[in-house]
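The block underneath contains the structure these notes are about, expressed in structure tokens.
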Amino acid sequence: MNSGNARLWSLVALASAAPHLAEAAWMQRTEAIMGTRVYVQLWADDPLKGNAALDAVMADMRRIDALMSHYKPASPLSQINAHANSGPVQVDKELFDLIKLSTHYSQITEGAFDITYASVGYLYDYRRHIHPTEEQIRKALPAVNWRNMLLDEGHHTVRFEHPGMRIDLGGIGKGYAVDHGVAILKARGIRHAVVTAGGDSRILGDHMGRPWLVAIRHPDDPRKVVTRIPLSDTAMSTSGDYERYFDENGVRYHHIIDPRTGHSAGKVRSATILAPTATQTDGMSKTAFVLALRKRSRSSTACPNTMRSSCAPTGACCTRTGCGRRCRDRRARRRLPLLRRAPVCHPEQHVHLGFRGQPVLGLVTGRKAAPLGTQISTLRNHRAARFRGERQPHGLAG
């Protein structure tokens with residue numbers, strides 16, 4: 001073959017390859033599933049495979065919704081609520097395992113996370129602006145106790161040992177579904193993606209060489225953000241009092257119920273948690289919201305991926321405009337370069353918390369001050385973990 005023909009064949013080969021290379025692109029889809037917005041974005045080398053991956057994730061989301069929704073009377077979870085007071089109810093292993101996992105979170109958070117909160121929670125109707133009376137809460141509250149669920153692992157049965165008990169997996173189910181979606185994408189060879197269900201997200205890989213920039217919305221204005229965090233290969237959940245709520249006589253009634261009181265938790269406005277999986281962040285963001293990060297928890301010693309007992313101001317940003325105050329704790333700002341760019345802060349509104357052995361971050365916007373005396377303890381713990389060679393939260397390796 002002469003040089004002219006060789007050049008011609010090279011041009012033909014490049015021309016035939018060009019359309020294939022151009023097909024690689026970001027693909028996304030949004031659907032309403034589980035009573036919330038489900039969003040998936042991924043990088044696909046082949047649009048057919050990308051669409052198939054999107055279809056598979058959305059189908060699995062609908063499957064999990066059918067399995068665990070308490071709004072669907074025929075769902076296995078609804079069948080538990082309908083019959084477990086009178087005898088054991090056998091369920092799918094997947095559902096049983098998630099219920100059992102929820103009791104683990106209940107144990108390490110000392111009941112701040114408890115799926116039996118639904119024994120009181122069902123009395124609220126946020127669309128119709130209905131909330132229970134104090135007398136109704138008093139009567140229903142004894143049924144809120146995860147220890148009164150009898151779980152038979154051998155037969156996969158659930159039984160309630162207290163009259164009036166109900167369960168709701170809304171505090172952990174969306175995170176679980178997000179993790180399942182990421183697993184599906186990984187199995188299909190997707191390496192860069194984000195899967196979101198409501199306030200629960202998990203990021204797979206990075207944004208083609210750069211971190212994903214994830215925003216935390218302002219509690220009072222969906223058009224504003226509290227801060228933006230660069231993330232890769234991690235999960236994040238935000239729990240806030242602004243999703244399902246109504247206000248009455250100066251009181252906000254919202255869907256995050258304190259299992260200990262039967263009332264909507266009211267010490268903070270939102271809580272954001274980062275951890276390796278969305279199942280973890282989903283449950284722990286509810287815990288952070290309920291506890292307002294003021295109560296010491298056994299979770300730091302009970303589980304290597306759960307919330308520690310210390311918290312401190314980050315100096316991240318300010319949810320009030322025109323404040324102009326900067327965080328006064330210089331050591332905190334040196335060790336939090338990720339959030340240091342924000343110009344102002346209110347110490348009573350932003351706290352940082354650590355999770356043992358895993359890269360996680362907590363950010364709370366609230367009404368009451370976190371105990372400032374725990375600041376040094378938090379930083380020392382991160383330092384000690386660094387010297388032990390453990391992975392550090394993003395922005396805490398200073």
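To be explicit about the labels: the chains of the structure tokens are called A, B, and onward in the order shown, and within each one the residues are counted from 1, while ligands get numbers from 1 in the order they are shown.
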Can you tell me which residues surround region 134-139 of chain A at a distance of at most 9 Å, considering only C-alpha atoms, apart from same-chain residues fewer than 3 positions away, and format the answer as a PyMOL selection string?
chain A and resi 120+123+142-143+261-263
Go ahead and save the residues from that selection, with N, CA and C atoms, as a PDB file, in the first residue's frame.
```pdb
ATOM      1  N   VAL A 120     -46.476   7.762  66.809  1.00  0.00           N
ATOM      2  CA  VAL A 120     -46.988   9.119  67.027  1.00  0.00           C
ATOM      3  C   VAL A 120     -47.038   9.883  65.713  1.00  0.00           C
ATOM      4  N   LEU A 123     -50.081  10.633  63.435  1.00  0.00           N
ATOM      5  CA  LEU A 123     -51.108  11.582  63.865  1.00  0.00           C
ATOM      6  C   LEU A 123     -50.959  12.957  63.215  1.00  0.00           C
ATOM      7  N   PRO A 142     -46.018   5.865  74.570  1.00  0.00           N
ATOM      8  CA  PRO A 142     -45.459   4.603  75.090  1.00  0.00           C
ATOM      9  C   PRO A 142     -45.192   3.548  74.017  1.00  0.00           C
ATOM     10  N   ALA A 143     -45.854   3.670  72.872  1.00  0.00           N
ATOM     11  CA  ALA A 143     -45.630   2.708  71.789  1.00  0.00           C
ATOM     12  C   ALA A 143     -44.342   3.000  71.022  1.00  0.00           C
ATOM     13  N   THR A 261     -40.187  12.664  72.590  1.00  0.00           N
ATOM     14  CA  THR A 261     -41.241  13.601  72.989  1.00  0.00           C
ATOM     15  C   THR A 261     -42.509  13.491  72.154  1.00  0.00           C
ATOM     16  N   GLY A 262     -42.393  12.991  70.927  1.00  0.00           N
ATOM     17  CA  GLY A 262     -43.537  12.949  70.027  1.00  0.00           C
ATOM     18  C   GLY A 262     -43.791  14.258  69.322  1.00  0.00           C
ATOM     19  N   HIS A 263     -42.965  15.255  69.583  1.00  0.00           N
ATOM     20  CA  HIS A 263     -43.094  16.562  68.942  1.00  0.00           C
ATOM     21  C   HIS A 263     -42.048  16.714  67.850  1.00  0.00           C
TER      22      HIS A 263
END
```
Could you tell me which of A:Thr277, A:Ser102, A:Thr157, A:Thr238 comes closest to Gln90 (chain A) if we count only C-alpha atoms?
A:Thr157
Tell me, which residues of region 152-245 of chain A carry DSSP strand (DSSP E), written as a ChimeraX atom specification?
/A:152,157-160,193-197,200-204,212-217,225-231,235-240,245
Please identify all polymer residues within 9 Å of region 27-29 of chain A, counting only C-alpha atoms, omitting same-chain residues fewer than 3 positions from it, and present them as an NGL selection string.
:A and (38-44 or 47 or 50-51 or 54 or 58)
Straight-line distance linking CA of Asn148 (chain A) with CA of Val89 (chain A), stated in Å to one decimal:
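Between these atoms lies a distance of 14.5 Å.
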Separation of CA of Pro222 (chain A) and CA of Asp258 (chain A), in Å?
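If I compute the distance from CA of Pro222 (chain A) to CA of Asp258 (chain A), I get 24.6 Å.
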May I have the residues within 10 Å of Leu98 (chain A) as a PyMOL selection string, using only C-alpha atoms and disregarding those fewer than 4 positions away in the same chain?
chain A and resi 68+93-94+102-104+169+172-173+176+279
Any chance you can output those residues with N, CA and C atoms as a PDB file, in the first residue's frame?
```pdb
ATOM      1  N   MET A  68     -41.340  -0.720  50.759  1.00  0.00           N
ATOM      2  CA  MET A  68     -41.182  -0.065  52.057  1.00  0.00           C
ATOM      3  C   MET A  68     -42.079   1.140  52.300  1.00  0.00           C
ATOM      4  N   LYS A  93     -36.453 -10.814  53.109  1.00  0.00           N
ATOM      5  CA  LYS A  93     -35.190 -10.665  53.827  1.00  0.00           C
ATOM      6  C   LYS A  93     -34.628  -9.260  53.704  1.00  0.00           C
ATOM      7  N   GLU A  94     -34.785  -8.656  52.535  1.00  0.00           N
ATOM      8  CA  GLU A  94     -34.275  -7.295  52.333  1.00  0.00           C
ATOM      9  C   GLU A  94     -34.931  -6.313  53.298  1.00  0.00           C
ATOM     10  N   SER A 102     -31.948  -0.642  61.315  1.00  0.00           N
ATOM     11  CA  SER A 102     -32.477   0.550  61.984  1.00  0.00           C
ATOM     12  C   SER A 102     -32.372   0.426  63.500  1.00  0.00           C
ATOM     13  N   THR A 103     -32.512  -0.785  64.016  1.00  0.00           N
ATOM     14  CA  THR A 103     -32.383  -0.959  65.465  1.00  0.00           C
ATOM     15  C   THR A 103     -30.941  -0.749  65.919  1.00  0.00           C
ATOM     16  N   HIS A 104     -29.996  -1.021  65.038  1.00  0.00           N
ATOM     17  CA  HIS A 104     -28.598  -0.735  65.362  1.00  0.00           C
ATOM     18  C   HIS A 104     -28.389   0.768  65.542  1.00  0.00           C
ATOM     19  N   LEU A 169     -39.948   3.639  57.688  1.00  0.00           N
ATOM     20  CA  LEU A 169     -38.546   3.602  57.278  1.00  0.00           C
ATOM     21  C   LEU A 169     -38.135   4.841  56.494  1.00  0.00           C
ATOM     22  N   ILE A 172     -34.537   6.249  56.822  1.00  0.00           N
ATOM     23  CA  ILE A 172     -33.361   5.500  56.379  1.00  0.00           C
ATOM     24  C   ILE A 172     -33.568   4.885  54.988  1.00  0.00           C
ATOM     25  N   GLY A 173     -34.823   4.772  54.553  1.00  0.00           N
ATOM     26  CA  GLY A 173     -35.141   4.073  53.312  1.00  0.00           C
ATOM     27  C   GLY A 173     -34.616   4.757  52.062  1.00  0.00           C
ATOM     28  N   TYR A 176     -30.971   4.172  51.740  1.00  0.00           N
ATOM     29  CA  TYR A 176     -30.770   2.787  51.320  1.00  0.00           C
ATOM     30  C   TYR A 176     -31.008   2.646  49.814  1.00  0.00           C
ATOM     31  N   THR A 279     -27.044   5.306  53.368  1.00  0.00           N
ATOM     32  CA  THR A 279     -27.818   4.713  54.459  1.00  0.00           C
ATOM     33  C   THR A 279     -27.359   5.287  55.793  1.00  0.00           C
TER      34      THR A 279
END
```
